[in-house]
Amino acid sequence: MFQTFLYKICRAALLTGCLFLASCENNEGDVNDLHTKKTGVEEAKDVVITFTTGGKTKAILTSPLMLRVQDTVPYIEFPKTLAVDFYDDSGIVESKLTALYARYKESENIIYLRDSVKVINSKGEKLTTDELYWNRNRTGWEFYTEKPVKIRTFTQIIDGIGMEASQDFKQRYIKQPTGIVTVPASKFPM
């Protein structure tokens with residue numbers, strides 16, 4: 001009888017041990033996800049945003065995709081290109097901007113642009129850079145960067161590092177010019 005009782009206890013212990021060995025296992029990623037903060041993301045497609053001042057259109061931004069991310073510091077992201085047309089007080093386009101990526105921090109009112117950033121003004125002068133900031137609060141010097149820039153006019157090739165420029169791109173200041181070449185208009189490689 002004692003032997004049967006001992007046999008049942010051993011069998012119960014063995015089955016219980018097997019259950020512990022066969023119990024569920026959590027993926028390490030799943031466990032870490034429980035402790036990470038989830039952010040809300042709103043998505044909009046084929047976006048057109050009009051910026052106005054005093055009832056006058058100052059810029060129209062278009063993008064195929066816009067993400068509004070609700071994080072500790074909310075921001076708006078344009079991960080699949082954007083294009084902006086800037087207008088003067090008469091409603092005429094004074095410059096155009098394109099970039100492959102942009103991020104707008106609403107609390108700072110600054111747009112960060114990167115990857116193939118191009119600005120072309122009404123005179124056909126062209127700026128290219130890898131990174132550019134657009135700050136609407138810096139009246140007269142809305143564009144700025146610390147990265148290398150290339151400016152092409154109809155008679156000059158201007159390269160440098162760091163720049164500040166007006167939104168219409170008519171006024172600009174290159175912080176560290178690395179080269180200015182004057183070329184006759186008939187021979188310019190535009």
# chains A, B, ... in the order shown; residues from 1 in each chain; ligands from 1
call {"tool": "residues_around", "arguments": {"residues": "segment 111-119 of chain A", "least_positions_apart": "3", "cutoff": "10 Å", "atoms": "only C-alpha atoms", "output": "ChimeraX atom specification"}}
result
/A:75-78,81-85,95-106,108,124-136,143-145,149-151,167-169
call {"tool": "write_last_selection", "arguments": {"atoms": "N, CA and C atoms", "output": "tab-separated table (two decimals), in the first residue's frame"}}
result
chain	number	residue	atom	x	y	z
A	75	TYR	N	5.05	65.54	-33.68
A	75	TYR	CA	5.63	66.04	-34.93
A	75	TYR	C	4.85	65.50	-36.11
A	76	ILE	N	5.05	66.16	-37.24
A	76	ILE	CA	4.45	65.73	-38.50
A	76	ILE	C	5.59	65.31	-39.41
A	77	GLU	N	5.41	64.18	-40.07
A	77	GLU	CA	6.47	63.63	-40.91
A	77	GLU	C	5.95	63.44	-42.33
A	78	PHE	N	6.81	63.76	-43.30
A	78	PHE	CA	6.52	63.54	-44.71
A	78	PHE	C	7.59	62.57	-45.23
A	81	THR	N	8.51	62.25	-49.87
A	81	THR	CA	8.68	63.50	-50.63
A	81	THR	C	7.66	64.57	-50.24
A	82	LEU	N	8.05	65.79	-50.53
A	82	LEU	CA	7.14	66.91	-50.44
A	82	LEU	C	7.60	67.98	-51.41
A	83	ALA	N	6.67	68.83	-51.79
A	83	ALA	CA	6.97	69.97	-52.66
A	83	ALA	C	6.24	71.17	-52.08
A	84	VAL	N	6.91	72.33	-52.11
A	84	VAL	CA	6.32	73.55	-51.58
A	84	VAL	C	6.50	74.66	-52.60
A	85	ASP	N	5.42	75.36	-52.91
A	85	ASP	CA	5.48	76.57	-53.73
A	85	ASP	C	5.31	77.75	-52.80
A	95	SER	N	9.36	81.01	-55.39
A	95	SER	CA	10.34	79.93	-55.32
A	95	SER	C	9.62	78.61	-55.10
A	96	LYS	N	10.33	77.53	-55.44
A	96	LYS	CA	9.80	76.17	-55.28
A	96	LYS	C	10.83	75.34	-54.53
A	97	LEU	N	10.35	74.48	-53.64
A	97	LEU	CA	11.22	73.62	-52.84
A	97	LEU	C	10.75	72.18	-52.99
A	98	THR	N	11.70	71.26	-53.09
A	98	THR	CA	11.37	69.83	-53.07
A	98	THR	C	12.37	69.11	-52.16
A	99	ALA	N	11.93	68.03	-51.54
A	99	ALA	CA	12.80	67.19	-50.70
A	99	ALA	C	12.19	65.81	-50.64
A	100	LEU	N	13.03	64.81	-50.37
A	100	LEU	CA	12.53	63.45	-50.26
A	100	LEU	C	11.96	63.14	-48.88
A	101	TYR	N	12.33	63.95	-47.86
A	101	TYR	CA	11.87	63.70	-46.49
A	101	TYR	C	11.77	65.03	-45.76
A	102	ALA	N	10.77	65.14	-44.88
A	102	ALA	CA	10.64	66.34	-44.03
A	102	ALA	C	9.98	65.97	-42.71
A	103	ARG	N	10.34	66.73	-41.68
A	103	ARG	CA	9.74	66.56	-40.35
A	103	ARG	C	9.46	67.96	-39.79
A	104	TYR	N	8.24	68.13	-39.30
A	104	TYR	CA	7.80	69.42	-38.76
A	104	TYR	C	7.46	69.26	-37.29
A	105	LYS	N	8.21	69.96	-36.43
A	105	LYS	CA	7.90	69.97	-35.00
A	105	LYS	C	7.02	71.18	-34.73
A	106	GLU	N	5.76	70.88	-34.42
A	106	GLU	CA	4.78	71.94	-34.26
A	106	GLU	C	5.14	72.91	-33.14
A	108	GLU	N	8.00	73.95	-32.21
A	108	GLU	CA	9.12	74.82	-32.58
A	108	GLU	C	8.86	75.61	-33.86
A	124	GLY	N	15.29	81.30	-61.75
A	124	GLY	CA	15.89	80.06	-62.22
A	124	GLY	C	17.15	79.66	-61.47
A	125	GLU	N	17.50	80.40	-60.41
A	125	GLU	CA	18.67	80.05	-59.61
A	125	GLU	C	18.32	78.85	-58.74
A	126	LYS	N	19.28	77.94	-58.61
A	126	LYS	CA	18.98	76.66	-57.97
A	126	LYS	C	19.95	76.37	-56.82
A	127	LEU	N	19.38	75.96	-55.69
A	127	LEU	CA	20.15	75.52	-54.52
A	127	LEU	C	19.92	74.03	-54.35
A	128	THR	N	21.00	73.28	-54.10
A	128	THR	CA	20.87	71.87	-53.73
A	128	THR	C	21.70	71.63	-52.47
A	129	THR	N	21.17	70.81	-51.58
A	129	THR	CA	21.84	70.45	-50.35
A	129	THR	C	21.23	69.15	-49.82
A	130	ASP	N	21.91	68.54	-48.86
A	130	ASP	CA	21.39	67.31	-48.25
A	130	ASP	C	20.49	67.59	-47.06
A	131	GLU	N	20.57	68.80	-46.50
A	131	GLU	CA	19.81	69.11	-45.29
A	131	GLU	C	19.52	70.60	-45.25
A	132	LEU	N	18.29	70.96	-44.92
A	132	LEU	CA	17.90	72.37	-44.88
A	132	LEU	C	16.81	72.54	-43.82
A	133	TYR	N	16.84	73.66	-43.13
A	133	TYR	CA	15.79	74.00	-42.17
A	133	TYR	C	14.99	75.17	-42.72
A	134	TRP	N	13.68	75.13	-42.47
A	134	TRP	CA	12.79	76.22	-42.86
A	134	TRP	C	12.08	76.68	-41.60
A	135	ASN	N	12.40	77.90	-41.15
A	135	ASN	CA	11.83	78.45	-39.93
A	135	ASN	C	11.05	79.71	-40.30
A	136	ARG	N	9.74	79.63	-40.22
A	136	ARG	CA	8.89	80.77	-40.61
A	136	ARG	C	9.04	81.95	-39.66
A	143	PHE	N	15.43	80.10	-44.55
A	143	PHE	CA	16.18	78.88	-44.84
A	143	PHE	C	17.57	78.95	-44.23
A	144	TYR	N	18.03	77.82	-43.66
A	144	TYR	CA	19.41	77.78	-43.17
A	144	TYR	C	19.89	76.34	-43.06
A	145	THR	N	21.21	76.18	-43.13
A	145	THR	CA	21.83	74.87	-43.00
A	145	THR	C	23.29	75.06	-42.60
A	149	VAL	N	26.46	73.20	-49.53
A	149	VAL	CA	25.43	73.68	-50.46
A	149	VAL	C	26.05	73.92	-51.82
A	150	LYS	N	25.21	73.81	-52.85
A	150	LYS	CA	25.60	74.14	-54.22
A	150	LYS	C	24.55	75.08	-54.77
A	151	ILE	N	24.99	76.22	-55.28
A	151	ILE	CA	24.08	77.19	-55.87
A	151	ILE	C	24.50	77.37	-57.33
A	167	GLN	N	13.25	83.34	-48.02
A	167	GLN	CA	12.31	82.36	-48.55
A	167	GLN	C	12.20	82.44	-50.07
A	168	ASP	N	12.35	83.65	-50.63
A	168	ASP	CA	12.30	83.78	-52.08
A	168	ASP	C	13.66	83.45	-52.72
A	169	PHE	N	14.66	83.18	-51.88
A	169	PHE	CA	15.99	82.77	-52.30
A	169	PHE	C	16.73	83.86	-53.07
call {"tool": "select_by_dssp", "arguments": {"residues": "segment 60-176 of chain A", "states": "strand (DSSP E or B)", "output": "MDAnalysis selection string"}}
result
chainID A and resid 60:70 75:78 82:87 93:99 101:105 110:121 126:135 143:152 156:165 172:176
call {"tool": "residues_around", "arguments": {"residues": "Trp141 of chain A", "least_positions_apart": "3", "cutoff": "6 Å", "atoms": "only C-alpha atoms", "output": "tab-separated table (two decimals) with C-alpha atoms, in the first residue's frame"}}
result
chain	number	residue	atom	x	y	z
A	138	ARG	CA	13.14	83.93	-38.95
A	164	GLU	CA	21.21	81.35	-44.71
A	165	ALA	CA	18.70	82.54	-47.30
A	166	SER	CA	15.40	84.34	-47.67
call {"tool": "atom_distance", "arguments": {"atom1": "atom CA of Asn137 of chain A", "atom2": "atom CA of Phe86 of chain A"}}
result
15.2 Å
call {"tool": "atom_distance", "arguments": {"atom1": "atom CA of Gly54 of chain A", "atom2": "atom CA of Tyr173 of chain A"}}
result
28.3 Å
